[in-house]
Amino acid sequence: MARIELNEIKHSYLPNPSDEQDFALKRIHTVWEDGGAYALLGPSGCGKTTMLNIISGLLKPSHGSILYDGTDVSAMQPEQRNIAQVFQFPVLYDTMTVYDNLAFPLRNRGVDKQSIRERVREIAEALDLTQDLNKRAANLSADAKQKISLGRGLVRSDVAAILFDEPLTVIDPHLKWDLRRKLKEIHTKFNLTMIYVTHDQVEAMTFADKIVVMYEGEIVQMGTPQELFENPEHTFVGYFIGSPGMNFLDCTLDGYIARVGSIDVPLLPSMTNRCTGQSLKLGIRPMYVGLHDGPVEHGIEGAVLGVEDQGFCKIVTATFNGSEIKARVNENGAVPEGKCWISLPPDKIKLYCDERLVRQGDSQ
Amino acid sequence: MNKWRDNKAWFLVLPVFVIVAFSAIIPLMTVVNYSVQDIFGPGQRYFVGVEWFRDVLLDERLHDALFKQLAFSFMVLLTEIPLGIAIALMMPKKGWTASACLVILALPLLIPWNVIGTIWIIFTRPDIGLFGAIVNNAGIAFDHTASPVDAWITLMLMEIWHWTPLVALLAYAGLRAIPEAYYQAAKIDGASSWAVFRYIQLPKMRGVLTIALLLRFMDSFLIYAEPFVLTGGGPGNTTTFLSIYLVKIAVGQFDLGPAAAFSLIYFLIILLFCWLFYQALQAVGTGDKA
Amino acid sequence: MGLKLNGIGKTVGRETHLKDIDLDFESGSRYVVLGRTLAGKTSLLRIMAGLDRPTTGTVEANGEDVTGVSVRKRSVAMVYQQFINYPSQTIYDNIASPLAIHGLPKDEIRTRVMEAASMLHIDNMLDRLPAELSGGQQQRTAIARALVKDVDLLLLDEPLVNLDYKLREELRDELRKIFRARDSVVVYTTTEPTEALMLGGNVIVMHEGEVLQVGPTAEVFLHPANTQVAEVFSDPPINFISGTVGNGRVNIGHALSLPVPHTMAELSPGEYTFGIRASQLNLKRESEGCTRIQGQIGLAEINGSETFVHFNYGDDSLVVQENGVHAFEVGNQVSVYVRPEAFYVFNATGDLVIAPANQ
């Protein structure tokens, strides 16, 4: 278990980077507390795998340093840092049995047979693999194989952190649930620092206590799933988290009334004249958008374009005055046909000035 | 419209059929024909049934040749396969150096086989050959025309020099197919290079190695041109392998009957080994299922 | 312009990939083939395209038997999981390739390529090579190439599975709109129930080489023919609890016993499996008719605006999908409420007997 600090990390894969574009990681400066479950969330190419490889030691950062519990490990190899990594596809020694796979890291360190046996059994039990211990690893299903990969990391009692690189990629949807739960149980039981890289927000939010959202080589926001959901600090976070993402409408501000095209949308009075930047956007999550089949106070008249049934809810795409907006309705809720009235509760509306969240109580 | 196009396709394939028929099928049938007849001259043939087969299978010199052949194949494989793997492991993974290595490695494979025989005759001559001269000057008497041991050594060196590149190329291809993540995981697990070789590289090369083994065994079992050029089967008949013996009977002694019978037996032995290896390959899989 | 599959079976060596498949595809309709990995989806698609021959059965296109006809002669386009493009040709040439092969005039090629490219928003990168594009853009190119031919049969084999979550969402939206406007038969395979629901149209549920159920997507979702279909077609997983009916009472699990609700009035006494979707279980009493189940919390997963609560009810492990964020302590007792009318009832052989009304 370790506290991991990343100090002014910058990384480029090119030998002579000239400008910002050449850097895969532009500036990473953050701390991962001991025992935390973190998710690195971002789209492909945002630098999350690069970051993971720097943390694990498979990659040496071109600038900056990384510390484990205060010790500079930037130059250390992965096996010296005592970390474990689970990859996108199961990585196993397929000529060995499950038992031998799990025992492998311990045998390489010269641990005695008795201790190995105890430890392997303990980990196999925690991962529900006890009945498979004597089987050949190559013959098991994908999710069992990933558990073995994970087990190889857990088996070392002094492991500093476990890093996951999109580990559920090859797992079927119905098995993902079990595996996700298993990961969370393992985290609660062993209290290890776990860092999980993914582009899937559901995985990130169900696994992590804190999520780090990355975009184009930078950390955009770090917070709990609720914080990221309720208060996205950047339009990218609003868009990336939530299915579907936040609705964004270009607007101008007049006092505390936002004007979207020719429609007035009242905000909270505390938002008066809060933005002096170039672009202003109004953001609201689909689940807070109200849809009514009759006029309501402050309701905007519009029309329903389409409905998507997702089983437990419906996503309604509506249009008003040339803009499109998505709303989320419960599966048993009624969806107006054709004409509709859209209500946007002021307390749920966020304002984004130059893509950044305008906070209430901020002076801009 | 469809049917007409199909017929046209048959026309295009016809020449191939004819050629294959002439160069392979008809000769094969002829051999089968000869193997059951005693031929004294044109027009004087007698059907003898399995007599030639019996004679051939009981022939002492044939057993001798077979034994030598198996010993040769065995020793050659024992050297070529590990050597090929070792070379593949040492080759660079990418960049221009990798391409350069591949080209140099492939050169021995491109030389006509009898030319190889000639190269090595000269190379190992005690008087004008580089290898022969150096070894003899170092005090070791080396003459492949006189000593059976030296003849064997020369043959083996030649064969290994000629064909190890093939094993190396196949092994290299197998190695390149292993995803980087396996090496990373092994690093993290603290595995030694030997463990990496034994538990990751070797298992994942299973498929290509079985192919290499199969190809090399068949080729070495059939070997003719190189030893013929180098030693002619000598000194004496210490390097008379199966194919050389066969040609001696057929061409040298003009005993077509026994030669034909022997050819068929030879053919069947090869087929048997092919089948065995094929079964082994199926059982082993291609090594990339995990 | 329809496609029919009669008694299709495919066996390779000792493995049966497909068993006795009978399907009818109408032109202008969308079909989503939903199933787990190795259910036979890709095998089915390959036989429909003409890339493979079935071991038994026939394929009919527009009434004609095309089982043995090679794919080149059929009017088929296919998009794969891996972004498959000609690496040495520009995007424009990639999209134009099927038309160029058929020798269409250059002007017409240009029009059609521009049309397909703008539908997929890649019209500003037509002179680049595939390697210079991101994954999502490469897949869009592959899709554009499939669309440009105006084929009778458009097949997509899990085309979005290698893309990011968000990209998947966006492309799915666009694909829905694109598919709506076409005359061809569109067949799309996926392992994700949510994707099947979002694409709409018809769904074909497959499992281990067999077709379990076919029908309009919403209908199959709300009326799964048996427990297997219910299992395959639910995300989060549907909760199953075994129970019995007898003596005028319905016993669900070890603790819940109620008088027979009117929806289950016609059930004869015996053993049944009761299914309930995670969203139908609530942590608050929603209405008068709700019954209470008590269990022990295993885990609470927070998913932005919803929480998935895993709890143990007797021997069964159930999942509740609840709006809002709720924090729970592992091991605590929790009360979960459910309307008895919301249960699916499956009989002893796993077939659906009762589906919740009011849907």
# chains A, B, ... in the order shown; residues from 1 in each chain; ligands from 1
>>> interface_residues(of="chain B", to="chain A", cutoff="12 Å", atoms="only C-alpha atoms", output="NGL selection string")
:B and (178-204 or 206 or 284-285 or 287-290)
>>> write_last_selection(atoms="N, CA and C atoms", output="mmCIF file, in the first residue's frame")
data_model
loop_
_atom_site.group_PDB
_atom_site.id
_atom_site.type_symbol
_atom_site.label_atom_id
_atom_site.label_comp_id
_atom_site.auth_asym_id
_atom_site.auth_seq_id
_atom_site.Cartn_x
_atom_site.Cartn_y
_atom_site.Cartn_z
ATOM 1 N N ILE B 178 3.932 -12.451 -30.183
ATOM 2 C CA ILE B 178 3.579 -12.417 -28.756
ATOM 3 C C ILE B 178 3.330 -10.971 -28.335
ATOM 4 N N PRO B 179 2.141 -10.677 -27.795
ATOM 5 C CA PRO B 179 1.847 -9.293 -27.391
ATOM 6 C C PRO B 179 2.788 -8.815 -26.283
ATOM 7 N N GLU B 180 3.103 -7.553 -26.316
ATOM 8 C CA GLU B 180 4.029 -6.939 -25.361
ATOM 9 C C GLU B 180 3.574 -7.136 -23.918
ATOM 10 N N ALA B 181 2.252 -7.173 -23.729
ATOM 11 C CA ALA B 181 1.709 -7.255 -22.373
ATOM 12 C C ALA B 181 2.250 -8.463 -21.604
ATOM 13 N N TYR B 182 2.521 -9.566 -22.307
ATOM 14 C CA TYR B 182 3.038 -10.736 -21.612
ATOM 15 C C TYR B 182 4.394 -10.462 -20.997
ATOM 16 N N TYR B 183 5.240 -9.748 -21.765
ATOM 17 C CA TYR B 183 6.557 -9.423 -21.220
ATOM 18 C C TYR B 183 6.433 -8.460 -20.046
ATOM 19 N N GLN B 184 5.489 -7.517 -20.184
ATOM 20 C CA GLN B 184 5.291 -6.559 -19.109
ATOM 21 C C GLN B 184 4.838 -7.274 -17.841
ATOM 22 N N ALA B 185 3.875 -8.186 -18.014
ATOM 23 C CA ALA B 185 3.371 -8.913 -16.849
ATOM 24 C C ALA B 185 4.483 -9.733 -16.208
ATOM 25 N N ALA B 186 5.331 -10.337 -17.038
ATOM 26 C CA ALA B 186 6.415 -11.150 -16.491
ATOM 27 C C ALA B 186 7.386 -10.273 -15.716
ATOM 28 N N LYS B 187 7.609 -9.076 -16.250
ATOM 29 C CA LYS B 187 8.502 -8.138 -15.558
ATOM 30 C C LYS B 187 7.946 -7.840 -14.177
ATOM 31 N N ILE B 188 6.653 -7.560 -14.166
ATOM 32 C CA ILE B 188 6.019 -7.211 -12.903
ATOM 33 C C ILE B 188 6.028 -8.382 -11.937
ATOM 34 N N ASP B 189 5.918 -9.583 -12.488
ATOM 35 C CA ASP B 189 5.947 -10.757 -11.622
ATOM 36 C C ASP B 189 7.348 -11.106 -11.160
ATOM 37 N N GLY B 190 8.337 -10.385 -11.670
ATOM 38 C CA GLY B 190 9.703 -10.650 -11.247
ATOM 39 C C GLY B 190 10.291 -11.896 -11.868
ATOM 40 N N ALA B 191 9.804 -12.284 -13.045
ATOM 41 C CA ALA B 191 10.291 -13.523 -13.663
ATOM 42 C C ALA B 191 11.677 -13.332 -14.270
ATOM 43 N N SER B 192 12.518 -14.372 -14.166
ATOM 44 C CA SER B 192 13.856 -14.316 -14.757
ATOM 45 C C SER B 192 13.739 -14.528 -16.256
ATOM 46 N N SER B 193 14.819 -14.231 -16.999
ATOM 47 C CA SER B 193 14.769 -14.408 -18.459
ATOM 48 C C SER B 193 14.492 -15.851 -18.821
ATOM 49 N N TRP B 194 15.057 -16.752 -18.046
ATOM 50 C CA TRP B 194 14.809 -18.170 -18.320
ATOM 51 C C TRP B 194 13.317 -18.489 -18.149
ATOM 52 N N ALA B 195 12.715 -17.957 -17.066
ATOM 53 C CA ALA B 195 11.292 -18.205 -16.831
ATOM 54 C C ALA B 195 10.460 -17.617 -17.955
ATOM 55 N N VAL B 196 10.849 -16.439 -18.418
ATOM 56 C CA VAL B 196 10.129 -15.817 -19.533
ATOM 57 C C VAL B 196 10.202 -16.714 -20.754
ATOM 58 N N PHE B 197 11.400 -17.248 -21.007
ATOM 59 C CA PHE B 197 11.553 -18.126 -22.156
ATOM 60 C C PHE B 197 10.696 -19.368 -21.986
ATOM 61 N N ARG B 198 10.778 -19.982 -20.831
ATOM 62 C CA ARG B 198 10.133 -21.266 -20.642
ATOM 63 C C ARG B 198 8.604 -21.155 -20.571
ATOM 64 N N TYR B 199 8.110 -20.109 -19.920
ATOM 65 C CA TYR B 199 6.670 -20.056 -19.692
ATOM 66 C C TYR B 199 5.903 -19.179 -20.659
ATOM 67 N N ILE B 200 6.606 -18.280 -21.327
ATOM 68 C CA ILE B 200 5.880 -17.413 -22.260
ATOM 69 C C ILE B 200 6.290 -17.677 -23.703
ATOM 70 N N GLN B 201 7.601 -17.530 -23.988
ATOM 71 C CA GLN B 201 8.021 -17.598 -25.377
ATOM 72 C C GLN B 201 7.859 -18.984 -25.973
ATOM 73 N N LEU B 202 8.379 -19.980 -25.283
ATOM 74 C CA LEU B 202 8.329 -21.327 -25.842
ATOM 75 C C LEU B 202 6.887 -21.807 -26.063
ATOM 76 N N PRO B 203 6.012 -21.690 -25.071
ATOM 77 C CA PRO B 203 4.629 -22.126 -25.305
ATOM 78 C C PRO B 203 3.973 -21.383 -26.465
ATOM 79 N N LYS B 204 4.263 -20.093 -26.577
ATOM 80 C CA LYS B 204 3.593 -19.338 -27.638
ATOM 81 C C LYS B 204 4.188 -19.613 -28.999
ATOM 82 N N ARG B 206 4.799 -22.661 -29.935
ATOM 83 C CA ARG B 206 4.448 -24.052 -30.188
ATOM 84 C C ARG B 206 4.112 -24.323 -31.642
ATOM 85 N N VAL B 284 -1.380 -29.834 -30.396
ATOM 86 C CA VAL B 284 -0.640 -28.775 -29.717
ATOM 87 C C VAL B 284 -1.313 -27.423 -29.902
ATOM 88 N N GLY B 285 -2.022 -27.262 -31.011
ATOM 89 C CA GLY B 285 -2.670 -25.981 -31.254
ATOM 90 C C GLY B 285 -1.652 -24.978 -31.749
ATOM 91 N N GLY B 287 -0.775 -22.256 -30.040
ATOM 92 C CA GLY B 287 -0.071 -21.552 -28.970
ATOM 93 C C GLY B 287 -0.589 -20.145 -28.710
ATOM 94 N N ASP B 288 -1.617 -19.716 -29.439
ATOM 95 C CA ASP B 288 -2.064 -18.354 -29.154
ATOM 96 C C ASP B 288 -3.495 -18.309 -28.659
ATOM 97 N N LYS B 289 -3.919 -19.418 -28.032
ATOM 98 C CA LYS B 289 -5.307 -19.442 -27.582
ATOM 99 C C LYS B 289 -5.485 -18.776 -26.227
ATOM 100 N N ALA B 290 -4.436 -18.742 -25.443
ATOM 101 C CA ALA B 290 -4.612 -18.246 -24.057
ATOM 102 C C ALA B 290 -4.845 -16.742 -24.082
#
>>> residues_around(residues="stretch 54-62 of chain C", least_positions_apart="4", cutoff="8 Å", atoms="only C-alpha atoms", output="PyMOL selection string")
chain C and resi 1-11+20+47-48+66-67
>>> interface_residues(of="chain A", to="chain C", cutoff="10 Å", atoms="only C-alpha atoms", output="PyMOL selection string")
chain A and resi 42-45+169-177+180-182+184-185+188+198-209+224-230+239-245+287+307-315+330-332
>>> write_last_selection(atoms="C-alpha atoms", output="compact mmCIF listing (two decimals), in the first residue's frame")
# COMPACT_ATOMS: atom_id res chain seq x y z
CA GLY A 42 -11.16 9.63 -20.45
CA PRO A 43 -11.58 9.03 -24.19
CA SER A 44 -9.02 7.16 -26.30
CA GLY A 45 -5.85 9.14 -26.73
CA THR A 169 -12.79 -5.07 -22.24
CA VAL A 170 -13.08 -8.74 -23.22
CA ILE A 171 -15.71 -9.65 -20.65
CA ASP A 172 -19.35 -10.19 -21.60
CA PRO A 173 -21.81 -7.61 -20.24
CA HIS A 174 -23.57 -9.99 -17.89
CA LEU A 175 -20.27 -11.13 -16.37
CA LYS A 176 -19.04 -7.56 -16.00
CA TRP A 177 -21.42 -7.11 -13.10
CA ARG A 180 -16.99 -5.35 -10.92
CA ARG A 181 -18.51 -6.44 -7.66
CA LYS A 182 -15.60 -8.75 -7.06
CA LYS A 184 -14.98 -3.73 -5.14
CA GLU A 185 -15.10 -6.53 -2.59
CA THR A 188 -12.81 -3.32 0.69
CA THR A 198 -11.19 3.10 -18.46
CA HIS A 199 -13.20 4.99 -21.03
CA ASP A 200 -16.42 3.56 -19.64
CA GLN A 201 -18.00 5.92 -17.14
CA VAL A 202 -20.19 3.22 -15.63
CA GLU A 203 -17.13 1.18 -14.75
CA ALA A 204 -15.36 4.22 -13.38
CA MET A 205 -18.26 5.38 -11.27
CA THR A 206 -19.16 2.03 -9.80
CA PHE A 207 -15.57 1.14 -8.98
CA ALA A 208 -13.93 4.31 -7.79
CA ASP A 209 -14.21 6.47 -4.72
CA THR A 224 -16.28 11.57 -6.30
CA PRO A 225 -18.84 10.21 -8.77
CA GLN A 226 -21.52 12.42 -7.24
CA GLU A 227 -19.38 15.55 -7.45
CA LEU A 228 -18.57 14.90 -11.08
CA PHE A 229 -22.19 14.25 -11.82
CA GLU A 230 -23.69 17.19 -9.97
CA TYR A 239 -20.53 15.70 -21.63
CA PHE A 240 -18.46 12.64 -20.78
CA ILE A 241 -20.19 11.64 -17.58
CA GLY A 242 -23.81 10.67 -17.66
CA SER A 243 -25.65 8.70 -20.27
CA PRO A 244 -26.62 10.65 -22.20
CA GLY A 245 -24.30 13.51 -21.33
CA MET A 287 -32.76 13.77 -15.94
CA VAL A 307 -38.03 8.60 -28.11
CA GLU A 308 -35.44 5.93 -27.23
CA ASP A 309 -36.57 3.18 -24.92
CA GLN A 310 -33.75 2.02 -22.71
CA GLY A 311 -35.80 -0.40 -20.67
CA PHE A 312 -35.69 1.28 -17.30
CA CYS A 313 -36.07 4.78 -18.73
CA LYS A 314 -36.79 6.64 -21.94
CA ILE A 315 -34.62 9.26 -23.58
CA ASN A 330 -38.92 7.07 -16.14
CA GLU A 331 -40.02 3.89 -17.84
CA ASN A 332 -43.54 4.30 -16.54
>>> interface_residues(of="chain C", to="chain B", cutoff="12 Å", atoms="only C-alpha atoms", output="PDB file with N, CA and C atoms, in the first residue's frame")
ATOM      1  N   VAL C  69     -24.232 -19.424 -53.493  1.00  0.00           N
ATOM      2  CA  VAL C  69     -23.719 -18.299 -54.265  1.00  0.00           C
ATOM      3  C   VAL C  69     -22.654 -17.557 -53.470  1.00  0.00           C
ATOM      4  N   SER C  70     -21.542 -17.274 -54.120  1.00  0.00           N
ATOM      5  CA  SER C  70     -20.457 -16.633 -53.378  1.00  0.00           C
ATOM      6  C   SER C  70     -20.811 -15.185 -53.081  1.00  0.00           C
ATOM      7  N   LYS C  73     -21.171 -12.244 -55.594  1.00  0.00           N
ATOM      8  CA  LYS C  73     -22.312 -12.074 -56.490  1.00  0.00           C
ATOM      9  C   LYS C  73     -23.539 -11.575 -55.754  1.00  0.00           C
TER      10      LYS C  73
END
>>> select_by_dssp(residues="stretch 23-94 of chain A", states="alpha helix (DSSP H)", output="JSON list (two decimals) with C-alpha atoms, in the first residue's frame")
[["chain", "number", "residue", "atom", "x", "y", "z"],
["A", 48, "LYS", "CA", -4.57, 7.60, -19.43],
["A", 49, "THR", "CA", -2.63, 4.52, -20.47],
["A", 50, "THR", "CA", 0.54, 6.62, -20.65],
["A", 51, "MET", "CA", -0.15, 7.79, -17.12],
["A", 52, "LEU", "CA", -0.72, 4.26, -15.93],
["A", 53, "ASN", "CA", 2.50, 3.06, -17.46],
["A", 54, "ILE", "CA", 4.39, 5.88, -15.78],
["A", 55, "ILE", "CA", 2.89, 4.94, -12.43],
["A", 56, "SER", "CA", 3.74, 1.29, -12.94],
["A", 78, "PRO", "CA", 8.20, -2.17, -12.17],
["A", 79, "GLU", "CA", 9.30, -5.16, -10.15],
["A", 80, "GLN", "CA", 11.21, -2.89, -7.83],
["A", 81, "ARG", "CA", 8.18, -0.71, -7.26]]
>>> closest_residue(among="B:Val50, B:Ile269, B:Val56, B:Leu230", to="B:Ile119", atoms="only C-alpha atoms")
B:Leu230
>>> atom_distance(atom1="atom CA of B:Ala88", atom2="atom CA of B:Val103")
13.3 Å
